[in-house]
Every structure is written in C-alpha cells, then in structure tokens.
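Here the structure comes first, spelled out in structure tokens, and everything after it is commentary.
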Amino acid sequence: MVLPCKHEQRMVRQARPTIELLTHLDRWHPDVNAPVHGTHTVVNAWRFVAAKREQEPRQLQLFQVVEQPQPLRLDAQLWRGSFNGKESTLQQLSPYVGKMKSGMASVLVQLYSQPGEVVLDPFSGSGVVPLEALLAGREAWANDLSPYAYVLTRGKMEAPASLSEALHRAEEVLAEVERMAPQVDLENVPEWVREFFHPDTLREVLAAFRILQAREDYFLMASLLGILHHVRPGFLSYPASHLVPYLRKRKYPPDRFPEMYAYRDLRSRLLAKVRRAYRRPKLSPNWPQRRFRVWKRNAMHLPIADESVDTIISSPPYFGALDYARDNRLCLWFLGCRDWKQLDASLTASRKVYLPQMERCLLEMHRVLKPGRPCVLVLGDVERDGKTHRTAEILARLAQEATEGEFTVETIYDDRIPDERRSRRRTKTTKFERILVLRKQ
Ligand SMILES: C[S@@+](CC[C@H](N)C(=O)[O-])C[C@H]1O[C@@H](n2cnc3c(N)ncnc32)[C@H](O)[C@@H]1O
C-alpha cells in the first residue's frame, strides 16, 4: 500500500470545499463532510471532480492506490453540520418536531448493524432511521403510535422506485381529485381548520385525502402532508408556520397581501413536491426488493416475536418534553384523528406516566432483541423547573433495574451539538443529547 505523502495530503485538504458540493456522488458516505475519515470518499470526490473538469488530474492516480475505508466509530464529527444538501431528499417529505438528523441515523445504522439484518425503530416519528436503514441495505421495522408519524414512515418506506412512477401515480390521483372536489361539502369542517385554507383549495385537499386513503397511497399522502402549511407559495395554506401550524395573519394581513389569500391549486404544488422528493432520492437499484414492516402500536406492546430483531435504533420521547399530537394537529385532523388531546394523552410524554411507560417499553425492546445485540437510544436532556433531567441516565438505570441486569449499559455518548441539530419547537428545553447504548446479555 502506498501512503499519501505530505504534499498529497495537502491536496486532499484543499479539495475539501469541492467535496462538500458532492451531493450526487453515487457512493455517498456520511463522513464526506468530516475531516478525512475514509480515503475512499476522497477518491470518489476526485473521480467526480475529474469527470466534471473532463480531465484526469495526476493526483487522482495517486489517491486510487491508497483507497482503504477506515472503520467508523461513535464520533459527533460524523454528523456535524447540516445534511439538507446531502441526505436523500425523501427524508424531507414532511416536517417533524424532534426529527433525528439523517447523518446521525446513518452512522448509527452502519455502526451497529450489518447489511441484511433487521433494524427496528419502535418510536419512528418521521421515519428517518427506517429510511436510512433501508438505504443501507438493512431490513427496516418501524412503529409509532401517532397516525401522522405512521403515514410519514410508511410513505418513505413505500416510495416508488422512480420519479416517473411517482408522477404517474400523482397524475392519476389529481385527475380524480379534480372530478370530486366541486362536490365536497365543507359544512362539517371545523372553523379552526377552515381558517387555514381558501375554500376551493380545502375542497381539493379533502378530496385528495379521501382518494389517497382509499388507495392506501402513503407516499403521496406523506407528500401532501408536507405541503399543507407554510408561508411559501408552494404550500396550500394561507401564510402559516411550517413545523407547527400557526397562522401568520398578523405578519401578513390579508388587506396588504391579498395574493397570499387567493386560491392555491393542488395540482402544480403536489407535482412540484413529488419532483423535489426525487431530486436526490439515493435509492439503490434493488430498492424494489427492499424489506420493511410498519406498525401503529403503543411501543409498550409491540406486535413482534421474541428475539427477532438484530438492532434497535431509536429516539424515544424525552422526559415530558414535547406535545407530538398538539404540534401536528392540522395534519392529524386530515388523517381522521379529530381529538389530538386524546392522542397526546396516550403518547408517552407527560411526566406522570413517563417512567412507568418507558419501563414497559424498555422491557418490550429487551424481549424482541436477539441476545448479544445492541439497543441504541438517542435521548435529550430536559430542563424544567430549574432542574436538568438527564434522560439517558434515567433510562440507563431503568433498563438495568427492569431487566435485572439483562440489559447492560455499553456506553453513554455525549453529543453537545448546537440547536440546529433537530427540528425543535422549544429549543430551550433540550440542549444536550446523549446516545445510550444498551446491550442484551
Ligand atoms: C423523538 S420522536 C421520534 C423522532 C424520530 N426519530 C424522527 O427522526 O422523526 C418520538 C416519537 O415517539 C412517539 N411515541 C411517543 N409515545 C409512544 C408510545 N407509547 N408508543 C409508540 N410511539 C410513541 C411519538 O409519536 C414520536 O413520534
């Protein structure tokens, strides 16, 4: 093996700004944005640059001979910075409060599982972990009690293999929507939902959800949820926030911004959304053969056989930190969940139920996991009433006690990452995240 000399190493370092632009590298690697971890990434980068410039730089030859992937290790450098320009654009189908960074999910999948193995996320949220697992050739099993999370996760898992297939399906649905929409009656739609939309837009949106539910088209349902509310023209609502549905009427009064309150057609917006989802899907040629399962159950009772899962990677709710149903109430309403308060009460969130319910969930995770295999949980500290609740440590203790030492704590990795880490509403409550790695004996 020929190692790069100092001069060659300097050339690699100088190439880094270019490497960061490599969003469509075929063999993308999560460390592409990190200080040179795997030489093969750099080699790919050089190949790409060479192709772009239509020349074969001499340094390309030099670096081909040192191609040698380095083993990954738990290192926050690997998921530092934004992944918006690098991740599969399917990860951006719809916003989700508490969403995990795809770069972190991808590293955890590669570190703790092998191709072909079953990776379970019992609290899948928007489906970031299961999608990264599928993209890395694992079998993805996912679960979340929220109907919104279920649709987003299933939507990603069931994404069509190509843009043309996705557009074809969207065109069929839109033709049906346009036939059905004029007959849609808005009388039974509550005022707080009507406030968000022009009546003709709302008719189209309601027709679309009815059709997509009948067709069980979760990919298009997730895409539609992703364009429901925002201030931008590509979205369907009157000006509103994106992550959590609040109207922005005070900032954009109708008399000053009448165009923002006009009819917004579903056709152009849904087709544009589908195109955005396939800008960089990163699906491998064997995507049609992928294996996955998705459930909408309470993680206290998983419909999964004993010792059937190779690896668990998940971000469970934090110690009483978020109101998942309240934050997603508009999307949930269109999915038929008319009482978000009841859903929030059934999720593991409030402080009163957190510990007993998480104990039950940890026992379930232990039951379904194969012996000797890891359970990796990403958990944020929560600051409330002047106290810091270190969720990872609380759950580490709980897991050991509940399983009588059958779950051992392999590591608690601290990830002090700035607030851009996740989509959050209450950025003040969670500043510190830890990765708890448990192992079943
Ligand atoms: C931190 S979020 C997961 C975010 C996810 N990793 C992502 O990247 O989008 C926690 C999830 O747990 C779900 N959840 C809370 N309590 C649950 C329970 N008892 N059973 C199943 N899911 C639950 C919530 O609906 C929420 O989606």
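Chain labels follow the order of the structure tokens: the first chain is A, the next B, and so on; residue numbering restarts at 1 in every chain, and ligands are counted from 1 in their shown order.
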Inset, instruction - For ligand 1, list the contacting residues at 7 Å or closer, counting only C-alpha atoms and all ligand atoms, as a PyMOL selection string. - result: chain A and resi 96+98-101+122-129+143-146+149+297-300+314-318+324+346-349
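Taking atom CA of A:Leu228 and atom CA of A:Trp340 as endpoints, the distance between them is 17.4 Å.
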Excluding A:Gly405 and residues on its chain fewer than 4 positions from it, collect all residues at most 12 Å away from it, counting only C-alpha atoms, and give them as a PDB file with C-alpha atoms, in the first residue's frame.
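Output file result_35.pdb is given in full below:
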ATOM      1  CA  LEU A 363     -38.879  -4.458  28.603  1.00  0.00           C
ATOM      2  CA  HIS A 366     -35.379  -6.257  25.504  1.00  0.00           C
ATOM      3  CA  ALA A 396     -29.992   3.508  31.609  1.00  0.00           C
ATOM      4  CA  ARG A 397     -30.818   2.930  35.271  1.00  0.00           C
ATOM      5  CA  LEU A 398     -34.400   1.979  34.487  1.00  0.00           C
ATOM      6  CA  ALA A 399     -33.324  -0.528  31.812  1.00  0.00           C
ATOM      7  CA  GLN A 400     -30.864  -2.254  34.133  1.00  0.00           C
ATOM      8  CA  GLU A 401     -33.332  -2.444  37.010  1.00  0.00           C
ATOM      9  CA  VAL A 409     -25.001  -0.177  29.586  1.00  0.00           C
ATOM     10  CA  LEU A 438     -27.586  -0.886  25.840  1.00  0.00           C
ATOM     11  CA  ARG A 439     -26.676  -4.489  25.073  1.00  0.00           C
ATOM     12  CA  LYS A 440     -28.834  -7.529  25.730  1.00  0.00           C
ATOM     13  CA  GLN A 441     -26.936 -10.261  27.584  1.00  0.00           C
TER      14      GLN A 441
END
Legend entry - Neighbour list for A:Tyr246 as a ChimeraX atom specification, cut-off 10 Å, only C-alpha atoms, skip fewer than 5 positions in-chain: /A:196,229-230,239-241,327,330
Could you write those residues out with C-alpha atoms, as a CSV table (one decimal), in the first residue's frame?
chain,number,residue,atom,x,y,z
A,196,PHE,CA,-56.1,27.9,7.2
A,229,HIS,CA,-48.9,24.7,5.7
A,230,HIS,CA,-46.1,27.3,5.3
A,239,PRO,CA,-49.5,32.1,5.4
A,240,ALA,CA,-48.7,29.9,8.4
A,241,SER,CA,-45.6,28.4,10.1
A,327,ASP,CA,-47.8,20.1,17.3
A,330,LEU,CA,-53.7,20.0,11.5
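Proximity to A:Ser88 was assessed for A:Gly155, A:Gly380, A:Pro281, A:Pro303 counting only C-alpha atoms; the smallest distance is recorded for A:Pro281.
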Inset, instruction - Kindly give the distance, in Å, that separates atom CA of A:Leu131 and atom CA of A:Leu270, rounded to a single decimal. - result: 21.7 Å
Legend entry - alpha helix (DSSP H) residues, from DSSP on the backbone, in stretch 264-423 of chain A, as a PyMOL selection string: chain A and resi 266-277+324-327+329-334+340-346+351-368+391-402
Considering only strand (DSSP E) as DSSP defines it on the backbone, what residues of stretch 108-351 of chain A qualify? List them as a PDB file with N, CA and C atoms, in the first residue's frame.
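As written to disk, selection-v5.pdb reads:
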ATOM      1  N   VAL A 118     -32.148  -7.073  10.633  1.00  0.00           N
ATOM      2  CA  VAL A 118     -33.371  -6.341  10.968  1.00  0.00           C
ATOM      3  C   VAL A 118     -33.043  -5.202  11.939  1.00  0.00           C
ATOM      4  N   VAL A 119     -33.377  -3.970  11.521  1.00  0.00           N
ATOM      5  CA  VAL A 119     -33.197  -2.796  12.390  1.00  0.00           C
ATOM      6  C   VAL A 119     -34.590  -2.277  12.751  1.00  0.00           C
ATOM      7  N   LEU A 120     -34.870  -2.205  14.042  1.00  0.00           N
ATOM      8  CA  LEU A 120     -36.190  -1.745  14.500  1.00  0.00           C
ATOM      9  C   LEU A 120     -36.090  -0.354  15.121  1.00  0.00           C
ATOM     10  N   ASP A 121     -37.063   0.516  14.764  1.00  0.00           N
ATOM     11  CA  ASP A 121     -37.243   1.783  15.472  1.00  0.00           C
ATOM     12  C   ASP A 121     -38.657   1.785  16.041  1.00  0.00           C
ATOM     13  N   GLU A 139     -33.025  -4.581   6.708  1.00  0.00           N
ATOM     14  CA  GLU A 139     -34.479  -4.750   6.727  1.00  0.00           C
ATOM     15  C   GLU A 139     -35.005  -3.802   7.807  1.00  0.00           C
ATOM     16  N   ALA A 140     -35.931  -2.907   7.435  1.00  0.00           N
ATOM     17  CA  ALA A 140     -36.369  -1.875   8.392  1.00  0.00           C
ATOM     18  C   ALA A 140     -37.725  -2.223   8.974  1.00  0.00           C
ATOM     19  N   TRP A 141     -37.800  -2.249  10.322  1.00  0.00           N
ATOM     20  CA  TRP A 141     -39.079  -2.405  11.008  1.00  0.00           C
ATOM     21  C   TRP A 141     -39.312  -1.124  11.790  1.00  0.00           C
ATOM     22  N   ALA A 142     -40.549  -0.588  11.682  1.00  0.00           N
ATOM     23  CA  ALA A 142     -40.805   0.715  12.316  1.00  0.00           C
ATOM     24  C   ALA A 142     -42.162   0.714  12.991  1.00  0.00           C
ATOM     25  N   ASN A 143     -42.262   1.512  14.033  1.00  0.00           N
ATOM     26  CA  ASN A 143     -43.514   1.621  14.771  1.00  0.00           C
ATOM     27  C   ASN A 143     -43.639   3.026  15.342  1.00  0.00           C
ATOM     28  N   PHE A 292     -39.466  -4.331   4.570  1.00  0.00           N
ATOM     29  CA  PHE A 292     -39.790  -3.446   5.699  1.00  0.00           C
ATOM     30  C   PHE A 292     -41.156  -3.807   6.271  1.00  0.00           C
ATOM     31  N   ARG A 293     -41.379  -3.370   7.519  1.00  0.00           N
ATOM     32  CA  ARG A 293     -42.694  -3.520   8.149  1.00  0.00           C
ATOM     33  C   ARG A 293     -42.954  -2.251   8.956  1.00  0.00           C
ATOM     34  N   VAL A 294     -44.214  -1.809   8.968  1.00  0.00           N
ATOM     35  CA  VAL A 294     -44.549  -0.592   9.724  1.00  0.00           C
ATOM     36  C   VAL A 294     -45.809  -0.848  10.556  1.00  0.00           C
ATOM     37  N   TRP A 295     -45.763  -0.489  11.850  1.00  0.00           N
ATOM     38  CA  TRP A 295     -46.928  -0.650  12.729  1.00  0.00           C
ATOM     39  C   TRP A 295     -47.289   0.682  13.369  1.00  0.00           C
ATOM     40  N   THR A 311     -31.029  -5.248  15.753  1.00  0.00           N
ATOM     41  CA  THR A 311     -30.570  -3.975  16.323  1.00  0.00           C
ATOM     42  C   THR A 311     -31.764  -3.046  16.512  1.00  0.00           C
ATOM     43  N   ILE A 312     -31.778  -2.343  17.634  1.00  0.00           N
ATOM     44  CA  ILE A 312     -32.780  -1.282  17.815  1.00  0.00           C
ATOM     45  C   ILE A 312     -32.048   0.050  17.766  1.00  0.00           C
ATOM     46  N   ILE A 313     -32.547   0.960  16.921  1.00  0.00           N
ATOM     47  CA  ILE A 313     -32.022   2.334  16.903  1.00  0.00           C
ATOM     48  C   ILE A 313     -33.236   3.244  16.965  1.00  0.00           C
ATOM     49  N   SER A 314     -33.275   4.124  17.966  1.00  0.00           N
ATOM     50  CA  SER A 314     -34.483   4.910  18.128  1.00  0.00           C
ATOM     51  C   SER A 314     -34.216   6.183  18.917  1.00  0.00           C
TER      52      SER A 314
END
Inset, instruction - Figure out the distance between atom CA of A:Val173 and atom CA of A:Met260, please, to one decimal in Å. - result: 25.7 Å
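Closest approach to A:Ser268 among A:Glu117, A:Glu404, A:Asp75, A:Glu171: A:Glu171, based on only C-alpha atoms.
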